[in-house]
Amino acid sequence: MTLSTLFLIIAAIVLVVGVIFIIKHFNQRRREEALSDLLITVGIEMMISSFGMLDDKIFAYLNHTEVENNYVQLGVGAVLFLSGVAFYFYVKNRLYILNINGYYDKRIEQHHQDLSLSSFEFKEREIDFIRLFRKGMNNTVFEEIQEIISEKMSVFKAESKDKSRAYTGIAPIPFIFLSGKLFERENIDKYFEYDKFNQTYYALTPCRKKRKPYPNLEPTTPINSDNSTEEIVIAISLTQQILDADLNQFSCPIIHLAVSQPEDNIIKYTDQLKTYTQTIYKLLINIRNDFSSLKKIHLVYSGQSCLAFEVGKLMDNQRMVEIINYHYKQQNNPSYPWGIVLNGDRKGTYIEI
């Protein structure tokens, strides 16, 4: 086998493999990786062909000359190849941020300095349904918002696969739970929360202190077992205390899960987020031990978006009874006028009181 034949085989293999990766990443909506594949493939092809391919050798033979190496082409190919490799690692190491906005526009790109992020270190993907939500909730608006969330969540999962991910969001809590459910079995590496008093973002950090600097989340009312009860309310209070007076629309037992002194932005640590998530999950999964006939949980929540998103990821379709999360509106009667079914056969169903 001559050297030119070997180069021809290598060029063909590189081209086929390159095209496969370009199509694969493009179909997965990972367009930036597809671009890096293109640069690498074209660069290698140009470097190989700079030494002369079969057509060059035939032309040289017919003209009784020797094939000359094209060093300009070799240099351009090397630049494209190195650019493709550099761009690949740039994309690979960039932080992908999921930002769910339902109330008002709060993008990380406007506050990246709060988080010590340069504008080149992250790519923000926003799920924005502010305009739709302001129309007022009904089943039609809900279905439009649900479609937006489903589509953009699917895109985010695909393009951020095997990358570092972050989450933030300021939106009606039922949609945050629903978004979490759509993100089940996926990982988030960083969490950003918005401090409305200081109008800045902050990142949750690992807790380095031996003694926990945050309060326990635990039941504040006794759980009285009842084998005939089919519905219960679970009220989770972290940022504001949920009062029984807010829950008078429900005619079933109420279980309160709360911290000792609820306050805004109470979650500061990733350990704290994980602990609170586990506490809520264990209550939801084990509650049938106390209510053997239970069929439905009315879930009301006063807390931060990150916790709702993480709990939403754990909503189980087989091991949990039907869970409905409700939206709170203080000036409304009832206080929780609508909700969304988060799991089971009716998952994603809009409920209006």
# chains A, B, ... in the order shown; residues from 1 in each chain; ligands from 1
>>> select_by_dssp(residues="stretch 87-133 of chain A", states="strand (DSSP E or B)", output="list in words")
Leu95, Tyr96, Ile97, Leu98, Asn99, Ile100, Asn101, Phe122, Lys123, Glu124, Arg125, Glu126, Ile127 and Asp128 of chain A
>>> write_last_selection(atoms="C-alpha atoms", output="PDB file, in the first residue's frame")
ATOM      1  CA  LEU A  95     -22.120  26.382  32.353  1.00  0.00           C
ATOM      2  CA  TYR A  96     -25.662  25.935  31.027  1.00  0.00           C
ATOM      3  CA  ILE A  97     -28.230  27.814  33.119  1.00  0.00           C
ATOM      4  CA  LEU A  98     -31.944  26.979  33.114  1.00  0.00           C
ATOM      5  CA  ASN A  99     -33.965  30.054  34.091  1.00  0.00           C
ATOM      6  CA  ILE A 100     -37.759  29.785  34.492  1.00  0.00           C
ATOM      7  CA  ASN A 101     -39.484  33.180  34.474  1.00  0.00           C
ATOM      8  CA  PHE A 122     -22.256  30.461  30.763  1.00  0.00           C
ATOM      9  CA  LYS A 123     -25.134  30.031  28.373  1.00  0.00           C
ATOM     10  CA  GLU A 124     -28.566  30.930  29.705  1.00  0.00           C
ATOM     11  CA  ARG A 125     -31.687  29.169  28.500  1.00  0.00           C
ATOM     12  CA  GLU A 126     -34.830  30.988  29.580  1.00  0.00           C
ATOM     13  CA  ILE A 127     -38.319  29.503  29.824  1.00  0.00           C
ATOM     14  CA  ASP A 128     -40.384  32.684  29.665  1.00  0.00           C
TER      15      ASP A 128
END
>>> closest_atom_pairs(of="stretch 150-234 of chain A", to="stretch 314-330 of chain A", cutoff="7 Å", atoms="only C-alpha atoms", output="tab-separated table")
residue	atom	partner	partner_atom	distance
A:Pro172	CA	A:His327	CA	6.6
A:Ile173	CA	A:His327	CA	6.4
A:Pro174	CA	A:Asn325	CA	5.6
A:Lys181	CA	A:Met315	CA	6.3
A:Glu184	CA	A:Leu314	CA	6.6
>>> closest_residue(among="A:Ile108, A:Leu80, A:Val42, A:Ile297", to="A:Gln199", atoms="only C-alpha atoms")
A:Ile108
>>> select_by_dssp(residues="stretch 115-182 of chain A", states="alpha helix (DSSP H)", output="ChimeraX atom specification")
/A:130-133,139-159,173-182
>>> residues_around(residues="stretch 187-191 of chain A", least_positions_apart="6", cutoff="12 Å", atoms="only C-alpha atoms", output="ChimeraX atom specification")
/A:95-99,108,115,122,156-157,160-169,180,201-206,267-274,304-307,309-310,313-314
>>> closest_residue(among="A:Ile48, A:Ser302, A:Tyr88, A:Ala11", to="A:Ala34", atoms="only C-alpha atoms")
A:Tyr88
>>> closest_residue(among="A:Glu121, A:Gln241, A:Ala235, A:Leu257", to="A:Glu109", atoms="only C-alpha atoms")
A:Glu121
>>> residues_around(residues="stretch 149-155 of chain A", least_positions_apart="4", cutoff="7 Å", atoms="only C-alpha atoms", output="list in words")
Arg29, Ile127, Ile145, Glu159 and Ser179 of chain A
>>> write_last_selection(atoms="N, CA, C and O atoms", output="mmCIF file, in the first residue's frame")
data_model
loop_
_atom_site.group_PDB
_atom_site.id
_atom_site.type_symbol
_atom_site.label_atom_id
_atom_site.label_comp_id
_atom_site.auth_asym_id
_atom_site.auth_seq_id
_atom_site.Cartn_x
_atom_site.Cartn_y
_atom_site.Cartn_z
ATOM 1 N N ARG A 29 -29.675 18.868 18.769
ATOM 2 C CA ARG A 29 -29.753 20.322 19.006
ATOM 3 C C ARG A 29 -28.532 20.838 19.763
ATOM 4 O O ARG A 29 -28.605 21.847 20.461
ATOM 5 N N ILE A 127 -36.940 29.921 30.094
ATOM 6 C CA ILE A 127 -38.319 29.503 29.824
ATOM 7 C C ILE A 127 -39.205 30.649 30.296
ATOM 8 O O ILE A 127 -39.414 30.848 31.492
ATOM 9 N N ILE A 145 -48.786 27.310 28.278
ATOM 10 C CA ILE A 145 -47.591 27.390 29.116
ATOM 11 C C ILE A 145 -46.939 26.018 29.239
ATOM 12 O O ILE A 145 -45.707 25.887 29.154
ATOM 13 N N GLU A 159 -29.194 19.851 24.798
ATOM 14 C CA GLU A 159 -27.982 20.613 24.512
ATOM 15 C C GLU A 159 -27.029 20.704 25.701
ATOM 16 O O GLU A 159 -25.843 20.991 25.534
ATOM 17 N N SER A 179 -42.043 21.567 36.093
ATOM 18 C CA SER A 179 -40.766 21.602 35.372
ATOM 19 C C SER A 179 -39.789 20.602 35.970
ATOM 20 O O SER A 179 -39.045 19.919 35.250
#
>>> closest_residue(among="A:Ser116, A:Val85, A:Glu45, A:Phe183", to="A:Gln73", atoms="only C-alpha atoms")
A:Glu45
>>> residues_around(residues="A:Asn224", least_positions_apart="4", cutoff="12 Å", atoms="only C-alpha atoms", output="CSV table (one decimal) with C-alpha atoms, in the first residue's frame")
chain,number,residue,atom,x,y,z
A,219,PRO,CA,-43.7,18.2,61.1
A,228,SER,CA,-60.5,5.8,56.3
A,229,THR,CA,-59.1,9.1,55.1
A,232,ILE,CA,-55.0,15.1,53.1
A,253,PRO,CA,-56.7,16.5,57.7
A,254,ILE,CA,-53.8,19.0,57.4
A,255,ILE,CA,-50.2,18.1,58.1
A,287,ILE,CA,-47.5,8.9,54.3
A,288,ARG,CA,-49.6,5.9,53.3
A,289,ASN,CA,-48.3,4.1,56.4
A,290,ASP,CA,-50.5,6.4,58.4
A,291,PHE,CA,-53.4,6.7,55.9
>>> closest_residue(among="A:Pro222, A:Gly339, A:Gly136, A:Gly18", to="A:Leu178", atoms="only C-alpha atoms")
A:Gly339
>>> closest_residue(among="A:Leu35, A:Val19, A:Ile176, A:Leu238", to="A:Glu263", atoms="only C-alpha atoms")
A:Leu238
>>> atom_distance(atom1="atom CA of A:Glu144", atom2="atom CA of A:Phe129")
9.0 Å
>>> atom_distance(atom1="atom CA of A:Val72", atom2="atom CA of A:Ala86")
21.0 Å
>>> residues_around(residues="A:Leu15", least_positions_apart="6", cutoff="12 Å", atoms="only C-alpha atoms", output="count of residues only")
15
>>> decode(residues="stretch 235-269 of chain A", atoms="N, CA and C atoms", output="mmCIF file, in the first residue's frame")
data_model
loop_
_atom_site.group_PDB
_atom_site.id
_atom_site.type_symbol
_atom_site.label_atom_id
_atom_site.label_comp_id
_atom_site.auth_asym_id
_atom_site.auth_seq_id
_atom_site.Cartn_x
_atom_site.Cartn_y
_atom_site.Cartn_z
ATOM 1 N N ALA A 235 -48.890 21.013 54.054
ATOM 2 C CA ALA A 235 -48.522 22.420 53.918
ATOM 3 C C ALA A 235 -47.058 22.597 54.313
ATOM 4 N N ILE A 236 -46.241 23.067 53.388
ATOM 5 C CA ILE A 236 -44.805 23.227 53.619
ATOM 6 C C ILE A 236 -44.478 24.711 53.748
ATOM 7 N N SER A 237 -43.975 25.115 54.920
ATOM 8 C CA SER A 237 -43.734 26.540 55.207
ATOM 9 C C SER A 237 -42.247 26.789 55.421
ATOM 10 N N LEU A 238 -41.651 27.529 54.477
ATOM 11 C CA LEU A 238 -40.240 27.887 54.588
ATOM 12 C C LEU A 238 -40.024 29.400 54.540
ATOM 13 N N THR A 239 -40.674 30.060 53.603
ATOM 14 C CA THR A 239 -40.503 31.506 53.492
ATOM 15 C C THR A 239 -41.614 32.275 54.208
ATOM 16 N N GLN A 240 -42.788 31.692 54.277
ATOM 17 C CA GLN A 240 -43.918 32.265 55.024
ATOM 18 C C GLN A 240 -44.667 31.125 55.703
ATOM 19 N N GLN A 241 -45.235 31.406 56.865
ATOM 20 C CA GLN A 241 -46.019 30.396 57.572
ATOM 21 C C GLN A 241 -47.387 30.250 56.919
ATOM 22 N N ILE A 242 -47.721 29.040 56.516
ATOM 23 C CA ILE A 242 -49.053 28.767 55.963
ATOM 24 C C ILE A 242 -50.000 28.519 57.132
ATOM 25 N N LEU A 243 -51.048 29.316 57.219
ATOM 26 C CA LEU A 243 -52.001 29.231 58.333
ATOM 27 C C LEU A 243 -53.180 28.340 57.957
ATOM 28 N N ASP A 244 -53.799 27.756 58.973
ATOM 29 C CA ASP A 244 -54.992 26.948 58.723
ATOM 30 C C ASP A 244 -56.095 27.781 58.073
ATOM 31 N N ALA A 245 -56.111 29.087 58.391
ATOM 32 C CA ALA A 245 -57.124 29.967 57.809
ATOM 33 C C ALA A 245 -56.984 30.060 56.283
ATOM 34 N N ASP A 246 -55.750 29.874 55.789
ATOM 35 C CA ASP A 246 -55.527 29.891 54.335
ATOM 36 C C ASP A 246 -56.035 28.617 53.668
ATOM 37 N N LEU A 247 -56.311 27.595 54.488
ATOM 38 C CA LEU A 247 -56.608 26.271 53.946
ATOM 39 C C LEU A 247 -58.056 25.858 54.157
ATOM 40 N N ASN A 248 -58.922 26.841 54.451
ATOM 41 C CA ASN A 248 -60.312 26.485 54.786
ATOM 42 C C ASN A 248 -61.098 25.951 53.591
ATOM 43 N N GLN A 249 -60.535 26.014 52.377
ATOM 44 C CA GLN A 249 -61.211 25.430 51.218
ATOM 45 C C GLN A 249 -61.099 23.906 51.205
ATOM 46 N N PHE A 250 -60.155 23.369 52.008
ATOM 47 C CA PHE A 250 -59.952 21.924 52.059
ATOM 48 C C PHE A 250 -60.634 21.341 53.292
ATOM 49 N N SER A 251 -61.413 20.303 53.091
ATOM 50 C CA SER A 251 -62.125 19.666 54.215
ATOM 51 C C SER A 251 -61.521 18.285 54.481
ATOM 52 N N CYS A 252 -60.244 18.277 54.847
ATOM 53 C CA CYS A 252 -59.547 17.032 55.148
ATOM 54 C C CYS A 252 -58.403 17.337 56.108
ATOM 55 N N PRO A 253 -57.792 16.315 56.705
ATOM 56 C CA PRO A 253 -56.716 16.544 57.667
ATOM 57 C C PRO A 253 -55.551 17.323 57.053
ATOM 58 N N ILE A 254 -54.920 18.157 57.889
ATOM 59 C CA ILE A 254 -53.809 18.999 57.442
ATOM 60 C C ILE A 254 -52.538 18.616 58.199
ATOM 61 N N ILE A 255 -51.467 18.390 57.462
ATOM 62 C CA ILE A 255 -50.158 18.132 58.059
ATOM 63 C C ILE A 255 -49.250 19.299 57.718
ATOM 64 N N HIS A 256 -48.715 19.960 58.740
ATOM 65 C CA HIS A 256 -47.814 21.090 58.526
ATOM 66 C C HIS A 256 -46.363 20.620 58.627
ATOM 67 N N LEU A 257 -45.573 20.993 57.626
ATOM 68 C CA LEU A 257 -44.141 20.741 57.626
ATOM 69 C C LEU A 257 -43.477 22.116 57.539
ATOM 70 N N ALA A 258 -42.687 22.473 58.554
ATOM 71 C CA ALA A 258 -42.209 23.855 58.608
ATOM 72 C C ALA A 258 -40.878 23.959 59.325
ATOM 73 N N VAL A 259 -40.202 25.091 59.106
ATOM 74 C CA VAL A 259 -39.042 25.460 59.908
ATOM 75 C C VAL A 259 -39.547 26.310 61.071
ATOM 76 N N SER A 260 -38.716 26.491 62.087
ATOM 77 C CA SER A 260 -39.151 27.203 63.296
ATOM 78 C C SER A 260 -39.505 28.663 63.016
ATOM 79 N N GLN A 261 -38.743 29.311 62.165
ATOM 80 C CA GLN A 261 -38.997 30.711 61.829
ATOM 81 C C GLN A 261 -38.851 30.911 60.316
ATOM 82 N N PRO A 262 -39.941 30.785 59.573
ATOM 83 C CA PRO A 262 -39.869 30.974 58.123
ATOM 84 C C PRO A 262 -39.369 32.378 57.760
ATOM 85 N N GLU A 263 -38.562 32.457 56.714
ATOM 86 C CA GLU A 263 -38.071 33.754 56.231
ATOM 87 C C GLU A 263 -37.653 33.633 54.777
ATOM 88 N N ASP A 264 -37.660 34.768 54.072
ATOM 89 C CA ASP A 264 -37.272 34.782 52.664
ATOM 90 C C ASP A 264 -35.819 34.345 52.509
ATOM 91 N N ASN A 265 -35.556 33.645 51.394
ATOM 92 C CA ASN A 265 -34.198 33.191 51.070
ATOM 93 C C ASN A 265 -33.555 32.401 52.208
ATOM 94 N N ILE A 266 -34.350 31.567 52.830
ATOM 95 C CA ILE A 266 -33.847 30.790 53.973
ATOM 96 C C ILE A 266 -32.842 29.729 53.531
ATOM 97 N N ILE A 267 -32.959 29.256 52.289
ATOM 98 C CA ILE A 267 -32.041 28.224 51.797
ATOM 99 C C ILE A 267 -30.776 28.895 51.254
ATOM 100 N N LYS A 268 -29.651 28.573 51.873
ATOM 101 C CA LYS A 268 -28.368 29.160 51.499
ATOM 102 C C LYS A 268 -27.352 28.114 51.044
ATOM 103 N N TYR A 269 -27.587 26.848 51.395
ATOM 104 C CA TYR A 269 -26.564 25.816 51.201
ATOM 105 C C TYR A 269 -27.098 24.654 50.370
#
